[in-house]
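Quick notes on the structure that follows.
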Amino acid sequence: MKGFIVKLLMFLLVLVLGAATGGYFALVKGVPNIEEIKGYVPANGTKVYADDDTLVGEFKVEKGIYVPVGKIPEDLIRAIIAVEDSRFWQHKGVDYIAIVRAVFKDALAGRIKEGASTITQQLAKVIFLSPEKTVSRKLKEAILAFRLEKNLSKEEILELYFNRVYFGHGAYGIEMAARAYFGKSVSDVSLAEAALLSGLVKAPNKYSPYNDLDKAKERQRVVLKRMQEEGYISKEEEDKAYKQPLHLSSMRSEMYTQNYFLEYVRQYLEDKYGVETVYRGGLKVYTAMNRKMQALAVSALQNGLREVDKRQGYRGPVGHKDVDLKADSGDEKPAGKVVMREGDFMTAVVLTSSDTFAAVKARGYTGRIFLQDTLWAKKVIDANGKVIGEYRNFGLSDILKSGDTVRVKVKSIYGSEPVFTLEQDPLVQGAVIAVEPSTGYIRAIVGGFDFGKSEFNRAVFAKRQAGSAFKPIIYAAAMDNGYTPASVIEDEPISYSTEQFGEWRPENYDRKYHGPTRLREALAFSRNIVTIKLLEEVGVRKAINFANTLGIHGELPYNLSLALGSLSVTPLELTSAFCVFAQGGMRMDPIAVKYVVDSDGNVVENNEPNGVMAISPQTAFLATSMLEDVVKYGTAKRARALQRPVAGKTGTTNDYRDAWFVGYTPDLAAGVWVGFDNMRPLGAKETGARAALPVWIEFMKEATVDHDTHDTFPVPEGIVTAVIDPLTGLLATGDSEKMIEFFREGTVPRGYSTRAHREAVKKKKPEYADTESDDHEVD
């Protein structure tokens, strides 16, 4: 019996040991081999350069900018060790003392209050293991931590750790974090900055100074205190570092201005070379991006979308928090502030509000918002744009309550008290594309308000109805088929019987009819009726073929609604089509990537400007000439602010769902689209002239400032001028009004404008007012 019991115990022991061994090997099987990281060298990804050969981005497996541990300041190393793993230099991967301490504190607190993961364990989790919180994962993490400690030096572990940890706001690794938060290399950060960066590791979003300065400063204080407790700094150094103002960098936003362009390039490269080559092949890609124009396009679009969004109404505060008025609104300066500049956007907390002003706190400063800067917010809406209410006797206390967190912009700074304006991040979207007509080089791509919130590139991939921005193509097709800018079509009520829509009675935007109208005038004021009748005369098939010749493909409606821009087109397509007019009829292939060099220095792709003569120079010029009048006195007359030759066209679709402006100078073309992704209307009178044109003007004013000043667009051979009567479109006589008109040779009118002609035309032109209004746009 005794022998049986011994055998049974032995059997059970073997069974337990076997199960334990099996479990161990099962765990080990899922742990990466240490040889994968010994002598770790980051994969050589793809480097992307702007047109001035400045590095603007990289595509690689490892995110961030790799930096050796020797370039990381000692203060930063000590800060991260003090707050994350004080026994880093003593333990072998797992800190049993820290585990016991954490368990004891958690038991006293009755909840999980303190973690015990070492820097080595955090590294194991960040690089090699999934973030799932299971016992199996924690065991694998410990096994890998032991392996790391056994095969790597402490310095090597720190180097890997600093280069892989996430610091928030898209910053992977300590070098990118230093640039994102302070606009400097990690080797130049101060003790105060090192403490703030180290504090981010635990919860980057929670402790970001951009999101909540108070929490960021609290966390910075924790790090400095731990450094002092560990003997790394003195009490005096701790206090001095804490009180230093934080000079947060605007580089955080500047780092991401190229993202839409870079994403377009990345997709192009992956389609052509494959993912493996793009991320590990060591390519160097030289693009057509102009950094100045790209930054200008981002700024102009964001400013324009904010204005459109404000006209929608105020959606209320972004959050609410409890405030201590005595602590927050006192005269005593808070310890440590973030330096702010005029134009900076940030989150603020409302301290108090009255009818005329509100006191708010942002980045450690107490400032004011005044009523005159907030009148746009008297209309309150929900997230879907539905009006909740509108205050007649509006006061700031109606919409701002103590504790509300709101978005603000620094309007001005007087002494230590800033003046803010109330803002909100827009829901409306938009796109900007800029192309050089002479080469086809794409100089700027912005596909939305914020790449961080939406990576969808609307400039390239969003197919939206073009509205009256398509009309120039109808008029250019007419010029190609014997019509002239002086040709006259009567603007009058019309109706069509259709199978799909029944009786169709199109109208002009102003719902008025203007009688006999020259084509030049009709395009300038975006007259629907004249355009529909012109398309009917030219022929839908001819117009579609002409659009295809300009580079617009896809499904185009084979009916007269095409005259009103019922086709769907991307901003890149439409802007490229306008480039044909700007380039005298030459269609250039759009080029984002100029050339690509492989890891051996060989040029594997070279995209030289390549064009074909799509339409005649005479047709292109006549289209440009008419589009100049859209700017001189038509729907886009605000664009005269450029004080240089400008041609372009506004566009608006039904119910104001899309707003466009596409225009060009002799040297640069740009297209702007504004609208909601869900096709929600922009609101009453949100035409292309109001919603899109201001973006275009802001961008083009600065983008063309260094360009040569041209007096006019070049006039090609085969174009002649004649003096006509603007009322009839016929040759002027002694007693008629006079204007100079351009014609293709052989198309000058033969008839003269007689008194009888003029009287007959006047009888058909009803009285109407304000023909030069910016609101003369198509629905």
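Just so we're on the same page: first chain in the structure tokens is A, next is B, and so on; residues restart at 1 for each chain, and ligands are numbered from 1 in the order they show up.
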
**OP:** May I have all residues of region 533-637 of chain A that DSSP, computed from the backbone, assigns to alpha helix (DSSP H), given as a ChimeraX atom specification?
**Re:** /A:533-538,540-550,571-582,617-632

Original post:
Arg657 (chain A): which residues within 9 Å, counting only C-alpha atoms, same-chain residues fewer than 4 positions away excluded, as a PyMOL selection string?
Top reply: chain A and resi 465+652-653+674-676+679-683+686

Subject >> All residues 10 Å or closer to Phe370 (chain A), only C-alpha atoms, same chain fewer than 4 positions away omitted, as a list in words >> reply: Ser353, Ser354, Asp355, Thr356, Phe357, Ala358, Ala359, Thr374, Leu375, Gly395, Leu396, Val419, Phe420, Thr421 and Leu422 of chain A

Residue selection dump (C-alpha atoms) as a PDB file, in the first residue's frame:
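Saved result, out_1.pdb, follows:
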```
ATOM      1  CA  SER A 353     -19.607  84.920 -17.768  1.00  0.00           C
ATOM      2  CA  SER A 354     -21.783  87.999 -18.091  1.00  0.00           C
ATOM      3  CA  ASP A 355     -23.774  89.441 -20.951  1.00  0.00           C
ATOM      4  CA  THR A 356     -20.801  91.339 -22.388  1.00  0.00           C
ATOM      5  CA  PHE A 357     -17.743  89.190 -21.644  1.00  0.00           C
ATOM      6  CA  ALA A 358     -16.558  85.890 -20.209  1.00  0.00           C
ATOM      7  CA  ALA A 359     -13.423  85.159 -18.197  1.00  0.00           C
ATOM      8  CA  THR A 374     -19.037  85.963 -30.371  1.00  0.00           C
ATOM      9  CA  LEU A 375     -22.143  87.244 -32.161  1.00  0.00           C
ATOM     10  CA  GLY A 395     -25.520  87.819 -24.097  1.00  0.00           C
ATOM     11  CA  LEU A 396     -22.506  85.588 -23.472  1.00  0.00           C
ATOM     12  CA  VAL A 419      -8.117  88.311 -25.491  1.00  0.00           C
ATOM     13  CA  PHE A 420      -9.712  85.222 -27.023  1.00  0.00           C
ATOM     14  CA  THR A 421     -12.371  84.611 -29.654  1.00  0.00           C
ATOM     15  CA  LEU A 422     -14.832  81.755 -29.302  1.00  0.00           C
TER      16      LEU A 422
END
```

**OP:** May I ask for the distance between CA of Arg443 (chain A) and CA of Asp51 (chain A), given in Å to one decimal place?
**Re:**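 Value for the CA of Arg443 (chain A)-CA of Asp51 (chain A) distance: 8.6 Å.
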
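When only C-alpha atoms are used to compute distances to Ser187 (chain A), the closest of the residues A:Ile72, A:Asp53, A:Lys649, A:Asp589 turns out to be A:Ile72.
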
Original post:
A:Asp667, A:Glu74, A:Asp491, A:Asp480: which is nearest Ile233 (chain A), counting only C-alpha atoms?
Top reply: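 Among the listed residues, A:Glu74 lies closest to Ile233 (chain A).
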
Original post:
Within 8 Å of Thr531 (chain A), counting only C-alpha atoms, which residues qualify if same-chain residues fewer than 4 places away don't, as a VMD selection string?
Top reply: chain A and resid 471 474 to 475 522 to 523 527 535 563 to 564

Save out the residues we just selected, C-alpha atoms, as an mmCIF file, in the first residue's frame.
```
data_model
loop_
_atom_site.group_PDB
_atom_site.id
_atom_site.type_symbol
_atom_site.label_atom_id
_atom_site.label_comp_id
_atom_site.auth_asym_id
_atom_site.auth_seq_id
_atom_site.Cartn_x
_atom_site.Cartn_y
_atom_site.Cartn_z
ATOM 1 C CA LYS A 471 -20.266 75.541 -67.220
ATOM 2 C CA ILE A 474 -19.960 73.829 -72.069
ATOM 3 C CA TYR A 475 -19.040 77.337 -73.235
ATOM 4 C CA ALA A 522 -24.189 84.588 -69.395
ATOM 5 C CA LEU A 523 -21.070 82.796 -68.127
ATOM 6 C CA ARG A 527 -27.092 81.983 -66.158
ATOM 7 C CA LEU A 535 -25.859 72.831 -74.648
ATOM 8 C CA ALA A 563 -25.368 72.104 -68.406
ATOM 9 C CA LEU A 564 -25.938 72.594 -64.666
#
```

Subject >> Separation of CA of Val435 (chain A) from CA of Leu668 (chain A) in Å >> reply: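 One can read the CA of Leu668 (chain A) to CA of Val435 (chain A) distance as 6.1 Å.
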
Contacts of region 574-582 of chain A at 8 Å (only C-alpha atoms; same-chain gap of 5+ positions) as a CSV table (one decimal) with N, CA and C atoms, in the first residue's frame:
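What ended up in part-v3.csv:
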```
chain,number,residue,atom,x,y,z
A,433,ILE,N,-6.6,71.9,-54.1
A,433,ILE,CA,-5.6,71.3,-55.0
A,433,ILE,C,-5.0,72.4,-55.8
A,434,ALA,N,-3.7,72.4,-55.9
A,434,ALA,CA,-3.0,73.4,-56.7
A,434,ALA,C,-2.1,72.8,-57.7
A,435,VAL,N,-2.2,73.2,-58.9
A,435,VAL,CA,-1.4,72.6,-60.0
A,435,VAL,C,-0.8,73.6,-60.9
A,436,GLU,N,0.4,73.4,-61.3
A,436,GLU,CA,1.2,74.3,-62.2
A,436,GLU,C,0.8,74.0,-63.6
A,437,PRO,N,0.1,74.8,-64.3
A,437,PRO,CA,-0.4,74.5,-65.7
A,437,PRO,C,0.7,74.1,-66.7
A,440,GLY,N,2.1,70.5,-65.1
A,440,GLY,CA,1.3,69.5,-64.5
A,440,GLY,C,1.7,69.2,-63.1
A,470,PHE,N,-18.8,73.6,-63.8
A,470,PHE,CA,-18.7,72.8,-65.1
A,470,PHE,C,-19.1,73.7,-66.3
A,550,LEU,N,-10.6,67.1,-72.3
A,550,LEU,CA,-9.9,67.9,-71.2
A,550,LEU,C,-9.4,67.0,-70.1
A,551,GLY,N,-9.8,65.8,-70.1
A,551,GLY,CA,-9.4,64.9,-69.0
A,551,GLY,C,-10.4,64.5,-68.0
A,552,ILE,N,-11.7,64.9,-68.3
A,552,ILE,CA,-12.8,64.5,-67.4
A,552,ILE,C,-13.4,63.2,-67.9
A,569,VAL,N,-17.4,64.8,-60.1
A,569,VAL,CA,-16.0,64.9,-60.5
A,569,VAL,C,-15.2,65.3,-59.2
A,587,ARG,N,-2.9,69.8,-72.6
A,587,ARG,CA,-3.3,69.0,-71.4
A,587,ARG,C,-2.0,68.3,-70.9
A,588,MET,N,-1.6,68.7,-69.7
A,588,MET,CA,-0.5,68.1,-69.0
A,588,MET,C,-0.9,67.0,-68.1
A,590,PRO,N,-1.1,65.3,-64.7
A,590,PRO,CA,-0.8,65.7,-63.3
A,590,PRO,C,0.3,64.9,-62.7
A,614,ALA,N,-4.8,69.3,-76.5
A,614,ALA,CA,-6.1,68.7,-76.4
A,614,ALA,C,-7.1,69.6,-77.1
A,615,ILE,N,-7.0,70.9,-77.1
A,615,ILE,CA,-8.0,71.8,-77.8
A,615,ILE,C,-7.1,72.9,-78.5
A,620,ALA,N,-9.0,77.7,-76.2
A,620,ALA,CA,-8.6,77.9,-74.8
A,620,ALA,C,-8.5,79.3,-74.4
A,621,PHE,N,-8.1,80.2,-75.3
A,621,PHE,CA,-8.0,81.6,-75.0
A,621,PHE,C,-9.4,82.2,-74.8
A,623,ALA,N,-12.1,80.8,-73.9
A,623,ALA,CA,-12.6,80.3,-72.6
A,623,ALA,C,-12.0,81.1,-71.4
A,624,THR,N,-10.7,81.3,-71.5
A,624,THR,CA,-10.0,82.1,-70.5
A,624,THR,C,-10.5,83.5,-70.4
A,662,VAL,N,-12.9,77.2,-58.9
A,662,VAL,CA,-11.7,76.8,-59.7
A,662,VAL,C,-11.2,77.9,-60.5
A,663,GLY,N,-10.0,78.3,-60.3
A,663,GLY,CA,-9.5,79.5,-61.0
A,663,GLY,C,-8.0,79.4,-61.2
A,664,TYR,N,-7.4,80.3,-62.0
A,664,TYR,CA,-6.0,80.3,-62.3
A,664,TYR,C,-5.5,81.6,-62.7
A,665,THR,N,-4.2,81.8,-62.5
A,665,THR,CA,-3.4,82.9,-63.1
A,665,THR,C,-2.6,82.3,-64.2
A,666,PRO,N,-1.8,83.1,-64.9
A,666,PRO,CA,-0.9,82.5,-65.9
A,666,PRO,C,0.0,81.4,-65.4
A,669,ALA,N,-2.8,77.2,-61.1
A,669,ALA,CA,-4.3,76.9,-61.0
A,669,ALA,C,-4.6,76.2,-59.7
A,670,ALA,N,-5.7,76.5,-59.1
A,670,ALA,CA,-6.2,75.9,-57.9
A,670,ALA,C,-7.7,75.7,-57.9
A,671,GLY,N,-8.1,74.6,-57.2
A,671,GLY,CA,-9.5,74.3,-57.1
A,671,GLY,C,-9.8,74.2,-55.6
```

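Within region 215-374 of chain A, DSSP run on the backbone puts these residues in strand (DSSP E): Lys284, Val285, Tyr286, Thr287, Gly319, His320, Phe345, Met346, Thr347, Ala348, Val349, Val350, Leu351, Thr352, Ser353, Phe357, Ala358, Ala359, Val360, Lys361, Ala362, Tyr365, Thr366, Gly367, Arg368, Ile369 and Phe370 of chain A.
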
Original post:
Excluding same-chain residues fewer than 4 positions from region 87-92 of chain A, what lies within 10 Å of it counting only C-alpha atoms, as a ChimeraX atom specification?
Top reply: /A:81-82,96-98,118-120,145-150,154-155,158
